[in-house]
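Peer 1: A single structure is presented below for examination.
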Amino acid sequence: MVDPLYAWWAQQLVLCGWVFEPEPIAIEPEVARARLQALEVNDRGELGWRLVEAFGTDTAEPARLLAALELLALAGSANWLSEPRVRSWLIRLTEEIASRYPNLEAWLEALLHAKGVEGWVRGDDGFWDACEALAALERDGEGITWHTLTERLAQLRRKKARTLWPDSEGAGAWRLRAAFSPVVEASPGEMDWPEAGGWLWQYWQIENRTGLIQSLLWLAGYGHRQGWDLDATRLLAASSDERQAWLGGLVATERDYGRVLLDFVERGEPLEWAAWDWMRLVDLAWAGACAGWLEPAEAQAFAAHAADLALRRYSDWSALARAYQRGCSLFEGRDRLGDMQRDWGLLLNSPVSPWRVPLQQLLNENAREASRRAIMAWRSSPQHWVLALASVREPEFGMRQGPAVPVAAEKRADALRYLDETLGLHPDEGVEAFTRYWLPAQAHHLNQLAADAAHGALPAADTPFGRPEAADRATLEALKKGNRHAATIHMAEKYAFYLQMAMDSEAFDAGALTALAEALRGTLCRFYADPRRLLEAWAQWEALLPEGEQPPLVEEIRWHRDDPGSPFHWLDWRSSQWQEPGPRPTLSRFTAMALVGPLNSAAWSEPHVESDREAVSIREWIDGHYGLQGRGELTEFLDFLLEAGDRQEYQINYAPYTLNAQRLSSEIAMLESGECSEEDRNHMLRLKRVRDDTDGCNELDMTAWDVAQAVDLAIAGRQLGWLDEAAFSGVLERAHALAAEHYGSWEAYANGLYAGFSFFMGETPEREAFLSSFRMALVAWLSGAPPLAGPWASLDFPGARPRHWAPMHIDTLPGDIKTLH
């Protein structure tokens with residue numbers, strides 16, 4: 001039985017020069033495609049535009065409606081549209097015609113008028129004859145009359161509604177691509193975009209699947225919006241003169257962009273343009289599917305992810321379009337907002353636009369969740385944690401998401417140079433060397449200072465050696481703002497950057513680096529429940545402790561916190577059984593290592609056996625300062641320091657002089673009157689220090705000097721492998737007990753350490769400079785200002801009563817059984 005609607009359609013096609021055929025979509029596909037090309041409809045995207053344009057925005061032009069009927073027949077015959085889609089469009093076109101024209105006569109008259117406007121004259125074709133033939137059928141009641149057509153349409157209205165655009169689960173996201181070209185069927189193919197591969201190379205320099213995925217993930221996670229957002233944030237806070245200086249500082253190729261952005265800022269335009277990235281993400285996913293580089297399901301997942309992000313940011317299509325237009329303005333360097341009606345009027349106002357569905361209804365919950373699982377799968381590897389963390393300092397890493405690819409030779413060389421020049425790290429040291437960059441004790445120290453600062457329990461600024469700089473003290477007191485945020489991220493993000501550099505060098509064992517990345521992921525998941533908390537903690541600690549001369553990264557970190565597409569929100573965030581990238585010392589062990597004081601830099605982590613390269617300088621130091629040549633000599637000397645040390649020499653050779661000033665003066669005079677060997681001269685200088693009670697050497701217990709040396713040497717011995725774990729622990733325990741036996745506080749210990757350092761220093765022209773530097777270091781270690789000078793301010797002295805407040809989180813060192821926190 002012939003469908004009346006199709007029969008009426010076939011009658012109308014006669015007006016287009018067709019021979020009457022009851023089945024309009026029965027033309028040979030090759031013939032249909034050739035005819036479409038002749039009509040300059042070379043792909044399904046152009047077909048979509050023609051169908052939308054046929055309806056206009058206010059009044060549909062009859063000639064376009066008739067042309068749409070022909071295009072629909074050709075598209076159906078060419079297999080560009082499925083039969084249900086053809087039928088939906090046919091019903092909608094027919095309804096539009098029937099609603100505007102009360103009868104066939106009015107319809108034909110409108111078509112003739114349209115032909116006349118186009119310059120048509122009778123005799124140019126058979127259009128007039130076709131109109132007459134249809135009119136005759138209508139008068140004779142033959143064929144499908146206008147009355148029969150309207151009755152059929154009434155029947156169809158009572159049936160299930162049909163959609164003009166793809167509406168399978170998840171396919172709604174493709175409606176976003178109408179910004180570039182409407183998607184008429186959700187299954188992409190060559191008929192949608194024959195030149196997709198060439199376009200990807202010409203405009204994106206993408207030449208394969210891997211490059212495509214990296215670009216898709218970059219658009220989702222960073223895009224152009226990141227740099228624009230950061231510039232806008234800074235301009236908002238800048239004065240008029242600062243804004244002009246910023247504009248003047250741009251290179252010539254960016255000057256137009258700068259002018260547009262500055263204009264947006266100064267006239268109060270909403271500074272929102274993420275749609276520029278997310279809508280292009282949809283376009284790029286569609287191109288990838290058409291080029292055969294993405295499976296249809298993969299492409300749809302990326303499109304749905306873009307839709308998911310857009311739905312979080314925009315309430316309706318108009319807001320989305322305007323945001324895209326702002327982004328386009330910045331990209332092109334000219335204000336395009338005045339072109340809104342021209343560029344977007346059809347999509348926003350057409351009765352058959354893909355955007356007639358409310359924006360918030362693009363995705364159902366199942367499609368949304370499926371897209372989230374898919375995007376997280378792309379970033380599921382632990383390397384993506386490293387990339388995300390490192391990209392805050394180096395945005396170039398944002399383009400490296402997705403499948404791993406070999407690193408270019410130039411980048412490998414740059415990475416090796418960075419590891420060498422910045423860290424002194426070389427591939428022959430192996431991955432084990434990364435232990436030295438994992439600093440859990442430093443995080444504990446910062447957390448403890450923050451807790452004490454919040455409760456007004458910081459060490460006094462006045463020390464026996466002076467006061468810290470006001471700025472350093474202010475930095476310490478400001479740490480109270482970090483009390484609610486675990487400080488591990490302050491150390492861990494730098495560790496991640498070093499890992500990324502090692503990965504880029506391709507000179508270390510890849511599997512071992514991956515294991516460290518997984519350990520990093522597990523640790524951060526343990527200390528931070530979700531990405532927002534991690535980023536808030538990072539921003540807070542970055543603000544409190546900026547990195548040297550570099551501007552703080554607070555704005556960059558907060559951008560990642562606030563942007564829903566940032567990779568941080570799409571990492572594999574699960575707390576599982578974990579092992580840190582390096583050992584976490586106990587609190588008492590950290591305290592024992594801190595006894596080294598300013599004799600060396602603070603030991604923020606367990607020492608480990610260093611590579612042969614690093615061992616050379618350590619052995620030279622031990623030999624040059626102590627003349628020790630190996631394990632046996634070191635062990636023997638450590639026993640000497642802990643059992644007797646320089647303090648015994650003072651007691652035997654110098655303390656007796658304090659009881660006989662006349663004998664002391666005589667001894668000094670005798671040494672001054674003759675030729676002195678170096679040893680005698682040092683002895684004379686020490687006698688003078690006894691005479692003058694220099695730095696309290698006669699009253700103060702100088703055991704701290706021996707303890708500090710012992711710990712310093714033990715750490716070096718552990719790094720050389722001369723001490724095993726048990727021997728190293730034994731030295732620390734003895735040093736800890738000896739310090740507790742002789743002193744009750746860090747201040748008393750510092751006095752003894754300084755007195756010993758001063759008393760036993762050999763003759764040198766730099767003596768006063770060394771002493772001044774040591775006093776300044778002791779001020780910093782005692783006062784905690786600056787906070788990372790040393791850990792004394794956060795530690796209870798061995799054996800002393802606990803005085804510190806417990807931090808609010810678990811990011812601390814494991815304490816002793818007897819220590820209550």
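Ligands are numbered from 1 in the order shown, chains are lettered A, B, ... in the order of the structure tokens, and residues start at 1 in each chain.
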Taking only C-alpha atoms into account, produce a table as a tab-separated table in which each residue of segment 343-450 of chain A with an atom at most 12 Å from an atom of segment 489-501 of chain A appears once, together with its shortest atom pair and the distance in Å to one decimal, ordered by chain and rising number.

Peer 2:
residue	atom	partner	partner_atom	distance
A:Pro382	CA	A:Ala496	CA	10.8
A:Gln383	CA	A:Gln500	CA	8.3
A:His384	CA	A:Gln500	CA	10.0
A:Trp385	CA	A:Ala496	CA	8.2
A:Val386	CA	A:Ala496	CA	5.2
A:Leu387	CA	A:Gln500	CA	6.8
A:Ala388	CA	A:Ala496	CA	9.0
A:Leu389	CA	A:Glu493	CA	5.8
A:Ala390	CA	A:Phe497	CA	4.8
A:Ser391	CA	A:Phe497	CA	8.4
A:Val392	CA	A:Glu493	CA	9.0
A:Arg393	CA	A:Phe497	CA	8.1
A:Glu394	CA	A:Phe497	CA	8.8
A:Pro395	CA	A:Phe497	CA	11.8
A:Glu396	CA	A:Gln500	CA	11.9
A:Phe397	CA	A:Gln500	CA	9.1
A:Arg400	CA	A:Gln500	CA	11.0
A:Val407	CA	A:Met501	CA	11.0
A:Lys411	CA	A:Met501	CA	9.4
A:Arg412	CA	A:Met501	CA	8.5
A:Ala413	CA	A:Met501	CA	10.2
A:Asp414	CA	A:Met501	CA	8.7
A:Ala415	CA	A:Met501	CA	5.1
A:Leu416	CA	A:Met501	CA	7.5
A:Arg417	CA	A:Met501	CA	9.6
A:Tyr418	CA	A:Met501	CA	7.6
A:Leu419	CA	A:Met501	CA	7.1
A:Asp420	CA	A:Met501	CA	10.7
A:Thr422	CA	A:Tyr498	CA	9.8
A:Leu423	CA	A:Tyr498	CA	8.6
A:Gly424	CA	A:Tyr498	CA	11.5
A:Leu425	CA	A:Tyr498	CA	9.7
A:His426	CA	A:Met501	CA	11.6
A:Pro427	CA	A:Met501	CA	11.5
A:Val431	CA	A:Leu499	CA	9.5
A:Glu432	CA	A:Leu499	CA	11.9
A:Ala433	CA	A:Leu499	CA	11.1
A:Phe434	CA	A:Leu499	CA	8.1
A:Thr435	CA	A:Tyr495	CA	9.7
A:Arg436	CA	A:Tyr495	CA	9.7
A:Tyr437	CA	A:Tyr495	CA	6.1
A:Trp438	CA	A:Tyr495	CA	6.5
A:Leu439	CA	A:Met491	CA	6.6
A:Pro440	CA	A:Met491	CA	8.0
A:Ala441	CA	A:Met491	CA	10.0
A:Gln442	CA	A:Met491	CA	7.7
A:Ala443	CA	A:Met491	CA	6.9
A:His444	CA	A:Met491	CA	10.7
A:His445	CA	A:Met491	CA	11.5
A:Leu446	CA	A:His490	CA	9.4
A:Asn447	CA	A:His490	CA	10.9

Peer 1: Glu266 of chain A: which residues within 9 Å, counting only C-alpha atoms, same-chain residues fewer than 4 positions away excluded, as a list in words?

Peer 2: Leu236, Leu261 and Leu262 of chain A

Peer 1: How would the residues just picked look written out with N, CA and C atoms as a PDB file, in the first residue's frame?

Peer 2:
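Result written to out-v6.pdb:
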ATOM      1  N   LEU A 236      42.278  42.210  36.094  1.00  0.00           N
ATOM      2  CA  LEU A 236      41.234  42.710  36.990  1.00  0.00           C
ATOM      3  C   LEU A 236      41.834  43.342  38.245  1.00  0.00           C
ATOM      4  N   LEU A 261      41.088  41.616  24.895  1.00  0.00           N
ATOM      5  CA  LEU A 261      40.910  41.207  26.288  1.00  0.00           C
ATOM      6  C   LEU A 261      40.794  42.424  27.195  1.00  0.00           C
ATOM      7  N   LEU A 262      41.646  43.403  26.987  1.00  0.00           N
ATOM      8  CA  LEU A 262      41.611  44.599  27.819  1.00  0.00           C
ATOM      9  C   LEU A 262      40.288  45.335  27.644  1.00  0.00           C
TER      10      LEU A 262
END

Peer 1: Using only C-alpha atoms, pick whichever of A:Ala451, A:Pro459, A:Pro581, A:Thr764 has the shortest atom-to-atom distance to Leu513 of chain A.

Peer 2: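 When distances to Leu513 of chain A are compared using only C-alpha atoms, the smallest one comes from A:Pro581.
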
Peer 1: Do you know which residues are at most 12 Å from segment 9-12 of chain A counting only C-alpha atoms, after dropping those on the same chain fewer than 3 positions away, and could you put them as a PyMOL selection string?

Peer 2: chain A and resi 2-6+15-26+63+65-73+86-87+89-91+93-94+97+104+107-108+111+127+130-131+133-135+137-138+142-146+149

Peer 1: Which residues are near Asp335 of chain A? Cut-off 12 Å, only C-alpha atoms, ignore same chain within fewer than 6 positions. Put them as a PyMOL selection string.

Peer 2: chain A and resi 256-264+269+322+324-329

Peer 1: Take the residues from that selection and put them in a file with N, CA and C atoms, as a compact mmCIF listing (two decimals), in the first residue's frame.

Peer 2:
# COMPACT_ATOMS: atom_id res chain seq x y z
N ASP A 256 46.92 42.24 19.27
CA ASP A 256 45.49 42.33 18.99
C ASP A 256 44.67 41.57 20.04
N TYR A 257 45.16 40.40 20.40
CA TYR A 257 44.50 39.65 21.48
C TYR A 257 44.45 40.48 22.76
N GLY A 258 45.57 41.10 23.09
CA GLY A 258 45.63 41.89 24.31
C GLY A 258 44.64 43.04 24.30
N ARG A 259 44.48 43.69 23.16
CA ARG A 259 43.54 44.82 23.07
C ARG A 259 42.10 44.35 23.28
N VAL A 260 41.76 43.20 22.67
CA VAL A 260 40.40 42.69 22.83
C VAL A 260 40.14 42.31 24.28
N LEU A 261 41.09 41.62 24.90
CA LEU A 261 40.91 41.21 26.29
C LEU A 261 40.79 42.42 27.19
N LEU A 262 41.65 43.40 26.99
CA LEU A 262 41.61 44.60 27.82
C LEU A 262 40.29 45.33 27.64
N ASP A 263 39.77 45.35 26.44
CA ASP A 263 38.47 45.98 26.19
C ASP A 263 37.37 45.23 26.94
N PHE A 264 37.40 43.91 26.90
CA PHE A 264 36.41 43.12 27.64
C PHE A 264 36.46 43.45 29.13
N GLU A 269 32.55 43.18 30.37
CA GLU A 269 32.04 41.98 29.70
C GLU A 269 32.37 40.76 30.55
N ARG A 322 27.47 32.96 23.24
CA ARG A 322 28.17 34.22 23.51
C ARG A 322 29.57 33.96 24.09
N TYR A 324 31.39 31.33 23.43
CA TYR A 324 32.20 30.89 22.28
C TYR A 324 32.63 32.11 21.46
N GLN A 325 31.74 33.04 21.30
CA GLN A 325 32.06 34.22 20.48
C GLN A 325 33.14 35.06 21.14
N ARG A 326 33.13 35.11 22.46
CA ARG A 326 34.21 35.83 23.15
C ARG A 326 35.54 35.13 22.89
N GLY A 327 35.53 33.81 23.01
CA GLY A 327 36.76 33.07 22.76
C GLY A 327 37.25 33.25 21.34
N CYS A 328 36.34 33.23 20.40
CA CYS A 328 36.71 33.45 19.00
C CYS A 328 37.30 34.85 18.83
N SER A 329 36.74 35.82 19.54
CA SER A 329 37.25 37.20 19.47
C SER A 329 38.70 37.26 19.95

Peer 1: Write out as a list in words the residues lying within 8 Å of Ala735 of chain A, counting only C-alpha atoms and excluding same-chain residues fewer than 6 positions away.

Peer 2: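 Here the qualifying residues turn out to be Ala592, Leu595, Leu642, Val707, Ala710 and Val711 of chain A.
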
Peer 1: Just checking: using only C-alpha atoms, which residue out of A:His742, A:Arg691, A:Arg44, A:Arg734 ends up closest to Ala178 of chain A?

Peer 2: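 The shortest atom-to-atom distance to Ala178 of chain A comes from A:Arg44.
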
Peer 1: A:Phe527, A:Gln719, A:Thr635, A:Gln361: which is nearest Ser617 of chain A, counting only C-alpha atoms?

Peer 2: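 Checking each of A:Phe527, A:Gln719, A:Thr635, A:Gln361 against Ser617 of chain A, counting only C-alpha atoms, the winner is A:Gln719.
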
Peer 1: Choose the residue, out of A:Gly645, A:Pro188, A:Gly717, A:Gly198, that has the smallest atom-to-atom separation from Gln629 of chain A; count only C-alpha atoms.

Peer 2: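 Among the listed residues, A:Gly717 lies closest to Gln629 of chain A.
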
Peer 1: Do a neighbour search on Pro194 of chain A at 12 Å with only C-alpha atoms, toss out local chain neighbours closer than 4 positions, and write the hits as a VMD selection string.

Peer 2: chain A and resid 42 to 46 188 to 190 198 to 200 286 to 292

Peer 1: Could you find all residues in segment 192-410 of chain A that DSSP calls alpha helix (DSSP H) from the backbone, and write them as a VMD selection string?

Peer 2: chain A and resid 196 to 204 209 to 221 225 to 236 240 to 248 255 to 266 275 to 290 296 to 313 317 to 332 340 to 349 365 to 378 382 to 393 409 to 410

Peer 1: Taking into account only C-alpha atoms, which residue in the set A:Leu449, A:Ala299, A:Ala460, A:Ala539 is nearest to Leu476 of chain A?

Peer 2: A:Leu449

Peer 1: Which residue gives the smallest distance to Trp273 of chain A among A:Ala377, A:Met808, A:Ala319, A:Ile618, with only C-alpha atoms counted?

Peer 2: A:Ala319

Peer 1: Any chance you could tabulate, as JSON lines, the residues of segment 181-229 of chain A at most 10 Å from segment 552-562 of chain A with each one's nearest atom pair and distance in Å to one decimal, using only C-alpha atoms, in chain and rising number order?

Peer 2:
{"residue": "A:Gly221", "atom": "CA", "partner": "A:His560", "partner_atom": "CA", "distance": 8.8}
{"residue": "A:Tyr222", "atom": "CA", "partner": "A:His560", "partner_atom": "CA", "distance": 8.8}
{"residue": "A:Gln226", "atom": "CA", "partner": "A:Trp559", "partner_atom": "CA", "distance": 7.4}
{"residue": "A:Gly227", "atom": "CA", "partner": "A:Glu556", "partner_atom": "CA", "distance": 9.2}
{"residue": "A:Asp229", "atom": "CA", "partner": "A:Trp559", "partner_atom": "CA", "distance": 7.9}

Peer 1: Output N, CA and C atoms for every residue in that selection, as a compact mmCIF listing (two decimals), in the first residue's frame.

Peer 2:
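Done, and the output landed in result26.txt:
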# COMPACT_ATOMS: atom_id res chain seq x y z
N GLY A 221 41.04 19.75 29.14
CA GLY A 221 41.67 20.05 30.43
C GLY A 221 42.31 21.42 30.55
N TYR A 222 42.72 22.02 29.44
CA TYR A 222 43.44 23.29 29.50
C TYR A 222 42.91 24.27 28.44
N GLN A 226 42.84 28.59 29.62
CA GLN A 226 43.68 28.70 30.80
C GLN A 226 44.51 29.98 30.78
N GLY A 227 45.23 30.19 29.68
CA GLY A 227 46.04 31.41 29.59
C GLY A 227 45.20 32.66 29.61
N ASP A 229 42.21 33.05 30.98
CA ASP A 229 41.66 33.24 32.32
C ASP A 229 42.69 33.85 33.26

Peer 1: What is the atom CA of Ala54 of chain A to atom CA of Gln155 of chain A distance in Å?

Peer 2: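 So the two atoms, atom CA of Ala54 of chain A and atom CA of Gln155 of chain A, lie 24.4 Å apart.
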